[in-house]
Amino acid sequence: MKFLQTIIVLATVFLFVSCKQQKGDSYTAIAPKEFATKIKSTQNAQILDVRTPEEFELQHLDNAANVNWNSEDFTAKVSSYDKSKPVFVYCLSGGRSLKAAQKLNELGFETVYDMEGGILKWNNEGLSGTTTMQVGMSQDDFNALLNTDKKVLVDFYAEWCGPCKQMEPYILKMQKEKADKITVIRIDVDKNKTLATALKIEQLPSILLYENKEVKWKNVGYISEQDLNKQLQ
């Protein structure tokens with residue numbers, strides 16, 4: 001009798017875990033090249049750019065529709081899409097698209113592909129093709145900022161980036177308090193897409209510390225004021 005009860009319990013656990021895995025597997029993070037390949041092999045692919053309209057206007061994937069993740073009507077807008085067909089989701093660096101993919105999963109979409117690294121990584125892997133259009137600061141402009149005897153701390157950020165906003169107050173404080181020893185520069189990647197692509201900035205925030213025009217230290221993601229100060233001593 002105990003043996004039978006054990007078998008029933010194990011079977012129940014197995015079914016529960018399997019259901020959870022199937023639910024979690026309904027959205028998948030894939031690299032840009034695989035993302036592009038799957039789009040090509042999907043007829044009338046549903047491609048969602050979940051960035052702001054301003055970002056969308058600067059650059060977007062062919063045949064993509066703009067459905068801003070941060071808009072109040074995101075759920076209402078995506079509800080018009082076919083839940084039985086694959087949906088391809090992307091943003092700038094992957095943060096918003098992951099949240100959007102999870103939401104689409106909750107709404108019952110069967111197959112959702114989230115592009116890892118977003119359009120930053122898409123550009124860095126050469127998938128955007130060649131373009132002569134300059135968006136924001138050039139590489140020469142940036143190099144000129146490094147032409148100093150002081151250390152140069154460069155903060156690559158975006159207005160929509162949560163960790164960037166958390167770090168902004170103490171980075172601005174450092175910009176004033178350490179001005180005699182360190183030059184602190186903040187660069188909005190949305191307004192300086194060409195430079196971000198050239199420097200292969202794929203995640204935000206990204207902080208680079210230069211000495212004599214060379215990168216001596218780099219941090220990707222949130223870093224506390226205390227830990228950042230340690231690197232600047």
# chains A, B, ... in the order shown; residues from 1 in each chain; ligands from 1

call {"tool": "residues_around", "arguments": {"residues": "Gly117 of chain A", "least_positions_apart": "2", "cutoff": "10 Å", "atoms": "only C-alpha atoms", "output": "MDAnalysis selection string"}}
result
chainID A and resid 29:32 90:95 97 114:115 119:124 201:204

call {"tool": "write_last_selection", "arguments": {"atoms": "C-alpha atoms", "output": "CSV table (one decimal), in the first residue's frame"}}
result
chain,number,residue,atom,x,y,z
A,29,ALA,CA,15.6,33.7,-25.5
A,30,ILE,CA,17.7,33.2,-28.6
A,31,ALA,CA,20.7,35.0,-30.1
A,32,PRO,CA,20.2,37.6,-32.9
A,90,TYR,CA,13.0,42.6,-29.1
A,91,CYS,CA,14.1,45.9,-27.5
A,92,LEU,CA,17.4,47.8,-27.2
A,93,SER,CA,19.4,45.5,-24.9
A,94,GLY,CA,17.0,42.7,-23.8
A,95,GLY,CA,15.5,44.0,-20.5
A,97,SER,CA,11.7,42.4,-24.3
A,114,ASP,CA,12.9,37.0,-27.2
A,115,MET,CA,16.1,38.3,-28.9
A,119,ILE,CA,19.1,45.6,-31.2
A,120,LEU,CA,22.5,46.6,-29.7
A,121,LYS,CA,23.7,43.0,-30.1
A,122,TRP,CA,21.9,42.8,-33.5
A,123,ASN,CA,24.0,45.7,-34.7
A,124,ASN,CA,27.2,44.4,-33.2
A,201,ILE,CA,27.9,48.2,-26.0
A,202,GLU,CA,25.4,45.4,-25.7
A,203,GLN,CA,24.0,45.7,-22.2
A,204,LEU,CA,23.0,48.6,-19.9

call {"tool": "residues_around", "arguments": {"residues": "Thr42 of chain A", "least_positions_apart": "3", "cutoff": "10 Å", "atoms": "only C-alpha atoms", "output": "VMD selection string"}}
result
chain A and resid 37 to 39 45 to 46 85 to 87

call {"tool": "select_by_dssp", "arguments": {"residues": "segment 100-133 of chain A", "states": "strand (DSSP E or B)", "output": "list in words"}}
result
Val112, Tyr113, Asp114 and Met115 of chain A

call {"tool": "select_by_dssp", "arguments": {"residues": "chain A", "states": "helix (DSSP H, G or I)", "output": "ChimeraX atom specification"}}
result
/A:2-24,32-40,53-58,74-78,95-106,118-124,139-145,162-177,193-198,225-231

call {"tool": "atom_distance", "arguments": {"atom1": "atom CA of Asp188 of chain A", "atom2": "atom CA of Tyr157 of chain A"}}
result
5.1 Å

call {"tool": "closest_residue", "arguments": {"among": "A:Ile223, A:Leu146, A:Ile47, A:Ala36", "to": "Gln166 of chain A", "atoms": "only C-alpha atoms"}}
result
A:Ile223

call {"tool": "closest_residue", "arguments": {"among": "A:Gln43, A:Gln102, A:Thr197, A:Ser138", "to": "Trp69 of chain A", "atoms": "only C-alpha atoms"}}
result
A:Gln102

call {"tool": "residues_around", "arguments": {"residues": "Phe74 of chain A", "least_positions_apart": "4", "cutoff": "12 Å", "atoms": "only C-alpha atoms", "output": "list in words"}}
result
Leu48, Asp49, Val50, Arg51, Thr52, Asn66, Val67, Asn68, Trp69, Asn70, Val78, Ser79, Ser80, Tyr81, Lys99, Ala100, Ala101, Lys103, Leu104 and Leu107 of chain A

call {"tool": "write_last_selection", "arguments": {"atoms": "C-alpha atoms", "output": "compact mmCIF listing (two decimals), in the first residue's frame"}}
result
# COMPACT_ATOMS: atom_id res chain seq x y z
CA LEU A 48 7.14 43.23 -31.94
CA ASP A 49 9.50 46.09 -31.17
CA VAL A 50 8.66 46.93 -27.55
CA ARG A 51 10.74 50.11 -27.32
CA THR A 52 9.45 53.68 -27.35
CA ASN A 66 5.96 49.08 -32.43
CA VAL A 67 4.13 48.12 -29.22
CA ASN A 68 5.70 50.10 -26.37
CA TRP A 69 6.20 47.87 -23.30
CA ASN A 70 5.98 50.90 -21.02
CA VAL A 78 -0.86 42.65 -28.19
CA SER A 79 -4.23 40.95 -27.68
CA SER A 80 -4.97 41.52 -31.36
CA TYR A 81 -2.12 39.21 -32.42
CA LYS A 99 9.37 41.25 -19.51
CA ALA A 100 7.19 41.50 -22.61
CA ALA A 101 7.86 37.84 -23.48
CA LYS A 103 3.68 38.83 -20.28
CA LEU A 104 2.84 37.29 -23.65
CA LEU A 107 -1.62 35.96 -21.97

call {"tool": "atom_distance", "arguments": {"atom1": "atom CA of Lys191 of chain A", "atom2": "atom CA of Glu159 of chain A"}}
result
10.3 Å

call {"tool": "closest_residue", "arguments": {"among": "A:Glu125, A:Glu34, A:Asp73, A:Asp82", "to": "Glu110 of chain A", "atoms": "only C-alpha atoms"}}
result
A:Asp82

call {"tool": "atom_distance", "arguments": {"atom1": "atom CA of Met174 of chain A", "atom2": "atom CA of Lys216 of chain A"}}
result
18.3 Å

call {"tool": "closest_residue", "arguments": {"among": "A:Ser224, A:Thr194, A:Leu127, A:Leu232", "to": "Gln175 of chain A", "atoms": "only C-alpha atoms"}}
result
A:Leu232

call {"tool": "closest_residue", "arguments": {"among": "A:Lys77, A:Leu153, A:Phe142, A:Tyr27", "to": "Leu98 of chain A", "atoms": "only C-alpha atoms"}}
result
A:Tyr27

call {"tool": "closest_residue", "arguments": {"among": "A:Thr28, A:Asn105, A:Asn219, A:Gln233", "to": "Thr75 of chain A", "atoms": "only C-alpha atoms"}}
result
A:Asn105

call {"tool": "residues_around", "arguments": {"residues": "Leu209 of chain A", "least_positions_apart": "3", "cutoff": "8 Å", "atoms": "only C-alpha atoms", "output": "number ranges by chain"}}
result
A: 151-154, 215-218

call {"tool": "write_last_selection", "arguments": {"atoms": "all heavy atoms", "output": "mmCIF file, in the first residue's frame"}}
result
data_model
loop_
_atom_site.group_PDB
_atom_site.id
_atom_site.type_symbol
_atom_site.label_atom_id
_atom_site.label_comp_id
_atom_site.auth_asym_id
_atom_site.auth_seq_id
_atom_site.Cartn_x
_atom_site.Cartn_y
_atom_site.Cartn_z
ATOM 1 N N LYS A 151 41.884 60.312 -15.460
ATOM 2 C CA LYS A 151 41.097 59.114 -15.759
ATOM 3 C C LYS A 151 39.750 59.564 -16.329
ATOM 4 O O LYS A 151 39.255 60.645 -15.986
ATOM 5 C CB LYS A 151 40.857 58.290 -14.487
ATOM 6 C CG LYS A 151 42.107 57.668 -13.879
ATOM 7 C CD LYS A 151 41.751 56.867 -12.626
ATOM 8 C CE LYS A 151 42.981 56.242 -12.000
ATOM 9 N NZ LYS A 151 42.636 55.463 -10.764
ATOM 10 N N VAL A 152 39.167 58.736 -17.177
ATOM 11 C CA VAL A 152 37.873 59.071 -17.771
ATOM 12 C C VAL A 152 36.900 57.928 -17.497
ATOM 13 O O VAL A 152 37.128 56.786 -17.902
ATOM 14 C CB VAL A 152 37.985 59.309 -19.292
ATOM 15 C CG1 VAL A 152 36.609 59.646 -19.863
ATOM 16 C CG2 VAL A 152 38.978 60.425 -19.590
ATOM 17 N N LEU A 153 35.820 58.250 -16.797
ATOM 18 C CA LEU A 153 34.771 57.271 -16.512
ATOM 19 C C LEU A 153 33.599 57.532 -17.456
ATOM 20 O O LEU A 153 33.022 58.620 -17.455
ATOM 21 C CB LEU A 153 34.302 57.397 -15.062
ATOM 22 C CG LEU A 153 33.249 56.375 -14.611
ATOM 23 C CD1 LEU A 153 33.882 55.008 -14.424
ATOM 24 C CD2 LEU A 153 32.575 56.823 -13.315
ATOM 25 N N VAL A 154 33.262 56.540 -18.272
ATOM 26 C CA VAL A 154 32.177 56.705 -19.242
ATOM 27 C C VAL A 154 31.008 55.815 -18.838
ATOM 28 O O VAL A 154 31.154 54.599 -18.691
ATOM 29 C CB VAL A 154 32.640 56.339 -20.666
ATOM 30 C CG1 VAL A 154 31.523 56.636 -21.667
ATOM 31 C CG2 VAL A 154 33.911 57.096 -21.037
ATOM 32 N N VAL A 215 41.071 51.165 -21.998
ATOM 33 C CA VAL A 215 40.118 50.678 -20.991
ATOM 34 C C VAL A 215 40.872 49.897 -19.920
ATOM 35 O O VAL A 215 41.516 48.889 -20.201
ATOM 36 C CB VAL A 215 39.050 49.774 -21.640
ATOM 37 C CG1 VAL A 215 38.103 49.235 -20.566
ATOM 38 C CG2 VAL A 215 38.262 50.538 -22.689
ATOM 39 N N LYS A 216 40.775 50.381 -18.675
ATOM 40 C CA LYS A 216 41.442 49.716 -17.557
ATOM 41 C C LYS A 216 40.474 48.887 -16.720
ATOM 42 O O LYS A 216 40.874 47.996 -15.979
ATOM 43 C CB LYS A 216 42.121 50.766 -16.653
ATOM 44 C CG LYS A 216 43.260 51.507 -17.338
ATOM 45 C CD LYS A 216 44.374 50.537 -17.746
ATOM 46 C CE LYS A 216 45.545 51.274 -18.393
ATOM 47 N NZ LYS A 216 46.617 50.343 -18.812
ATOM 48 N N TRP A 217 39.179 49.202 -16.858
ATOM 49 C CA TRP A 217 38.176 48.484 -16.059
ATOM 50 C C TRP A 217 36.816 48.680 -16.715
ATOM 51 O O TRP A 217 36.542 49.718 -17.308
ATOM 52 C CB TRP A 217 38.159 49.012 -14.631
ATOM 53 C CG TRP A 217 37.077 48.442 -13.765
ATOM 54 C CD1 TRP A 217 37.052 47.207 -13.174
ATOM 55 C CD2 TRP A 217 35.860 49.094 -13.363
ATOM 56 N NE1 TRP A 217 35.895 47.052 -12.449
ATOM 57 C CE2 TRP A 217 35.144 48.182 -12.539
ATOM 58 C CE3 TRP A 217 35.313 50.351 -13.627
ATOM 59 C CZ2 TRP A 217 33.914 48.496 -11.993
ATOM 60 C CZ3 TRP A 217 34.081 50.666 -13.083
ATOM 61 C CH2 TRP A 217 33.400 49.737 -12.263
ATOM 62 N N LYS A 218 35.991 47.651 -16.627
ATOM 63 C CA LYS A 218 34.649 47.725 -17.220
ATOM 64 C C LYS A 218 33.651 47.025 -16.311
ATOM 65 O O LYS A 218 33.960 45.990 -15.721
ATOM 66 C CB LYS A 218 34.652 47.063 -18.601
ATOM 67 C CG LYS A 218 33.299 47.113 -19.320
ATOM 68 C CD LYS A 218 33.391 46.493 -20.696
ATOM 69 C CE LYS A 218 32.054 46.533 -21.421
ATOM 70 N NZ LYS A 218 32.147 45.950 -22.785
#

call {"tool": "decode", "arguments": {"residues": "segment 192-225 of chain A", "atoms": "N, CA, C and O atoms", "output": "PDB file, in the first residue's frame"}}
result
ATOM      1  N   ASN A 192      23.023  58.005 -29.259  1.00  0.00           N
ATOM      2  CA  ASN A 192      24.371  57.795 -29.789  1.00  0.00           C
ATOM      3  C   ASN A 192      24.552  56.347 -30.236  1.00  0.00           C
ATOM      4  O   ASN A 192      25.486  55.651 -29.828  1.00  0.00           O
ATOM      5  N   LYS A 193      23.630  55.909 -31.087  1.00  0.00           N
ATOM      6  CA  LYS A 193      23.601  54.508 -31.519  1.00  0.00           C
ATOM      7  C   LYS A 193      24.857  54.102 -32.281  1.00  0.00           C
ATOM      8  O   LYS A 193      25.367  52.996 -32.124  1.00  0.00           O
ATOM      9  N   THR A 194      25.373  54.995 -33.108  1.00  0.00           N
ATOM     10  CA  THR A 194      26.561  54.679 -33.908  1.00  0.00           C
ATOM     11  C   THR A 194      27.752  54.371 -33.008  1.00  0.00           C
ATOM     12  O   THR A 194      28.487  53.399 -33.222  1.00  0.00           O
ATOM     13  N   LEU A 195      27.949  55.195 -31.994  1.00  0.00           N
ATOM     14  CA  LEU A 195      29.065  54.996 -31.068  1.00  0.00           C
ATOM     15  C   LEU A 195      28.877  53.720 -30.261  1.00  0.00           C
ATOM     16  O   LEU A 195      29.833  52.957 -30.063  1.00  0.00           O
ATOM     17  N   ALA A 196      27.654  53.472 -29.784  1.00  0.00           N
ATOM     18  CA  ALA A 196      27.378  52.268 -28.996  1.00  0.00           C
ATOM     19  C   ALA A 196      27.681  51.011 -29.808  1.00  0.00           C
ATOM     20  O   ALA A 196      28.240  50.032 -29.285  1.00  0.00           O
ATOM     21  N   THR A 197      27.359  51.046 -31.086  1.00  0.00           N
ATOM     22  CA  THR A 197      27.643  49.906 -31.962  1.00  0.00           C
ATOM     23  C   THR A 197      29.147  49.743 -32.161  1.00  0.00           C
ATOM     24  O   THR A 197      29.678  48.632 -32.088  1.00  0.00           O
ATOM     25  N   ALA A 198      29.836  50.855 -32.376  1.00  0.00           N
ATOM     26  CA  ALA A 198      31.284  50.810 -32.600  1.00  0.00           C
ATOM     27  C   ALA A 198      32.032  50.261 -31.390  1.00  0.00           C
ATOM     28  O   ALA A 198      33.014  49.521 -31.532  1.00  0.00           O
ATOM     29  N   LEU A 199      31.557  50.596 -30.195  1.00  0.00           N
ATOM     30  CA  LEU A 199      32.220  50.144 -28.965  1.00  0.00           C
ATOM     31  C   LEU A 199      31.659  48.833 -28.441  1.00  0.00           C
ATOM     32  O   LEU A 199      32.041  48.369 -27.376  1.00  0.00           O
ATOM     33  N   LYS A 200      30.715  48.259 -29.195  1.00  0.00           N
ATOM     34  CA  LYS A 200      30.106  46.972 -28.847  1.00  0.00           C
ATOM     35  C   LYS A 200      29.444  46.998 -27.461  1.00  0.00           C
ATOM     36  O   LYS A 200      29.602  46.088 -26.655  1.00  0.00           O
ATOM     37  N   ILE A 201      28.698  48.073 -27.214  1.00  0.00           N
ATOM     38  CA  ILE A 201      27.917  48.176 -25.981  1.00  0.00           C
ATOM     39  C   ILE A 201      26.633  47.379 -26.190  1.00  0.00           C
ATOM     40  O   ILE A 201      25.780  47.769 -26.978  1.00  0.00           O
ATOM     41  N   GLU A 202      26.504  46.262 -25.482  1.00  0.00           N
ATOM     42  CA  GLU A 202      25.363  45.365 -25.694  1.00  0.00           C
ATOM     43  C   GLU A 202      24.403  45.315 -24.515  1.00  0.00           C
ATOM     44  O   GLU A 202      23.277  44.833 -24.653  1.00  0.00           O
ATOM     45  N   GLN A 203      24.836  45.758 -23.332  1.00  0.00           N
ATOM     46  CA  GLN A 203      23.979  45.725 -22.152  1.00  0.00           C
ATOM     47  C   GLN A 203      24.107  47.031 -21.396  1.00  0.00           C
ATOM     48  O   GLN A 203      25.144  47.705 -21.463  1.00  0.00           O
ATOM     49  N   LEU A 204      23.043  47.376 -20.665  1.00  0.00           N
ATOM     50  CA  LEU A 204      23.024  48.624 -19.905  1.00  0.00           C
ATOM     51  C   LEU A 204      22.681  48.356 -18.448  1.00  0.00           C
ATOM     52  O   LEU A 204      21.908  47.440 -18.153  1.00  0.00           O
ATOM     53  N   PRO A 205      23.241  49.197 -17.565  1.00  0.00           N
ATOM     54  CA  PRO A 205      24.293  50.180 -17.849  1.00  0.00           C
ATOM     55  C   PRO A 205      25.641  49.501 -18.101  1.00  0.00           C
ATOM     56  O   PRO A 205      25.887  48.409 -17.606  1.00  0.00           O
ATOM     57  N   SER A 206      26.487  50.173 -18.864  1.00  0.00           N
ATOM     58  CA  SER A 206      27.868  49.731 -19.068  1.00  0.00           C
ATOM     59  C   SER A 206      28.776  50.886 -18.683  1.00  0.00           C
ATOM     60  O   SER A 206      28.592  52.007 -19.160  1.00  0.00           O
ATOM     61  N   ILE A 207      29.746  50.598 -17.824  1.00  0.00           N
ATOM     62  CA  ILE A 207      30.680  51.635 -17.372  1.00  0.00           C
ATOM     63  C   ILE A 207      32.094  51.245 -17.766  1.00  0.00           C
ATOM     64  O   ILE A 207      32.538  50.120 -17.496  1.00  0.00           O
ATOM     65  N   LEU A 208      32.792  52.173 -18.404  1.00  0.00           N
ATOM     66  CA  LEU A 208      34.174  51.944 -18.819  1.00  0.00           C
ATOM     67  C   LEU A 208      35.072  52.983 -18.170  1.00  0.00           C
ATOM     68  O   LEU A 208      34.746  54.182 -18.183  1.00  0.00           O
ATOM     69  N   LEU A 209      36.187  52.536 -17.605  1.00  0.00           N
ATOM     70  CA  LEU A 209      37.158  53.438 -16.996  1.00  0.00           C
ATOM     71  C   LEU A 209      38.416  53.441 -17.859  1.00  0.00           C
ATOM     72  O   LEU A 209      39.047  52.401 -18.060  1.00  0.00           O
ATOM     73  N   TYR A 210      38.735  54.628 -18.383  1.00  0.00           N
ATOM     74  CA  TYR A 210      39.894  54.775 -19.268  1.00  0.00           C
ATOM     75  C   TYR A 210      41.059  55.438 -18.540  1.00  0.00           C
ATOM     76  O   TYR A 210      40.860  56.345 -17.721  1.00  0.00           O
ATOM     77  N   GLU A 211      42.260  54.991 -18.871  1.00  0.00           N
ATOM     78  CA  GLU A 211      43.493  55.640 -18.454  1.00  0.00           C
ATOM     79  C   GLU A 211      44.405  55.682 -19.661  1.00  0.00           C
ATOM     80  O   GLU A 211      44.653  54.657 -20.294  1.00  0.00           O
ATOM     81  N   ASN A 212      44.875  56.871 -20.004  1.00  0.00           N
ATOM     82  CA  ASN A 212      45.724  57.033 -21.189  1.00  0.00           C
ATOM     83  C   ASN A 212      45.070  56.435 -22.431  1.00  0.00           C
ATOM     84  O   ASN A 212      45.708  55.737 -23.222  1.00  0.00           O
ATOM     85  N   LYS A 213      43.780  56.687 -22.563  1.00  0.00           N
ATOM     86  CA  LYS A 213      42.981  56.285 -23.721  1.00  0.00           C
ATOM     87  C   LYS A 213      42.751  54.773 -23.837  1.00  0.00           C
ATOM     88  O   LYS A 213      42.249  54.302 -24.849  1.00  0.00           O
ATOM     89  N   GLU A 214      43.076  54.023 -22.802  1.00  0.00           N
ATOM     90  CA  GLU A 214      42.865  52.581 -22.813  1.00  0.00           C
ATOM     91  C   GLU A 214      41.898  52.181 -21.708  1.00  0.00           C
ATOM     92  O   GLU A 214      41.910  52.763 -20.624  1.00  0.00           O
ATOM     93  N   VAL A 215      41.071  51.165 -21.998  1.00  0.00           N
ATOM     94  CA  VAL A 215      40.118  50.678 -20.991  1.00  0.00           C
ATOM     95  C   VAL A 215      40.872  49.897 -19.920  1.00  0.00           C
ATOM     96  O   VAL A 215      41.516  48.889 -20.201  1.00  0.00           O
ATOM     97  N   LYS A 216      40.775  50.381 -18.675  1.00  0.00           N
ATOM     98  CA  LYS A 216      41.442  49.716 -17.557  1.00  0.00           C
ATOM     99  C   LYS A 216      40.474  48.887 -16.720  1.00  0.00           C
ATOM    100  O   LYS A 216      40.874  47.996 -15.979  1.00  0.00           O
ATOM    101  N   TRP A 217      39.179  49.202 -16.858  1.00  0.00           N
ATOM    102  CA  TRP A 217      38.176  48.484 -16.059  1.00  0.00           C
ATOM    103  C   TRP A 217      36.816  48.680 -16.715  1.00  0.00           C
ATOM    104  O   TRP A 217      36.542  49.718 -17.308  1.00  0.00           O
ATOM    105  N   LYS A 218      35.991  47.651 -16.627  1.00  0.00           N
ATOM    106  CA  LYS A 218      34.649  47.725 -17.220  1.00  0.00           C
ATOM    107  C   LYS A 218      33.651  47.025 -16.311  1.00  0.00           C
ATOM    108  O   LYS A 218      33.960  45.990 -15.721  1.00  0.00           O
ATOM    109  N   ASN A 219      32.463  47.578 -16.225  1.00  0.00           N
ATOM    110  CA  ASN A 219      31.390  46.956 -15.457  1.00  0.00           C
ATOM    111  C   ASN A 219      30.098  46.991 -16.264  1.00  0.00           C
ATOM    112  O   ASN A 219      29.737  48.011 -16.838  1.00  0.00           O
ATOM    113  N   VAL A 220      29.425  45.848 -16.315  1.00  0.00           N
ATOM    114  CA  VAL A 220      28.142  45.750 -17.007  1.00  0.00           C
ATOM    115  C   VAL A 220      27.064  45.444 -15.978  1.00  0.00           C
ATOM    116  O   VAL A 220      27.199  44.502 -15.196  1.00  0.00           O
ATOM    117  N   GLY A 221      26.015  46.237 -15.957  1.00  0.00           N
ATOM    118  CA  GLY A 221      24.956  46.059 -14.975  1.00  0.00           C
ATOM    119  C   GLY A 221      25.118  46.991 -13.794  1.00  0.00           C
ATOM    120  O   GLY A 221      26.038  47.815 -13.739  1.00  0.00           O
ATOM    121  N   TYR A 222      24.215  46.864 -12.849  1.00  0.00           N
ATOM    122  CA  TYR A 222      24.211  47.746 -11.676  1.00  0.00           C
ATOM    123  C   TYR A 222      25.461  47.552 -10.832  1.00  0.00           C
ATOM    124  O   TYR A 222      25.948  46.437 -10.651  1.00  0.00           O
ATOM    125  N   ILE A 223      25.991  48.659 -10.311  1.00  0.00           N
ATOM    126  CA  ILE A 223      27.093  48.628  -9.350  1.00  0.00           C
ATOM    127  C   ILE A 223      26.803  49.684  -8.292  1.00  0.00           C
ATOM    128  O   ILE A 223      26.342  50.791  -8.614  1.00  0.00           O
ATOM    129  N   SER A 224      27.045  49.363  -7.044  1.00  0.00           N
ATOM    130  CA  SER A 224      26.747  50.293  -5.948  1.00  0.00           C
ATOM    131  C   SER A 224      27.741  51.450  -5.935  1.00  0.00           C
ATOM    132  O   SER A 224      28.832  51.370  -6.517  1.00  0.00           O
ATOM    133  N   GLU A 225      27.360  52.523  -5.261  1.00  0.00           N
ATOM    134  CA  GLU A 225      28.225  53.696  -5.146  1.00  0.00           C
ATOM    135  C   GLU A 225      29.542  53.320  -4.469  1.00  0.00           C
ATOM    136  O   GLU A 225      30.625  53.747  -4.880  1.00  0.00           O
TER     137      GLU A 225
END
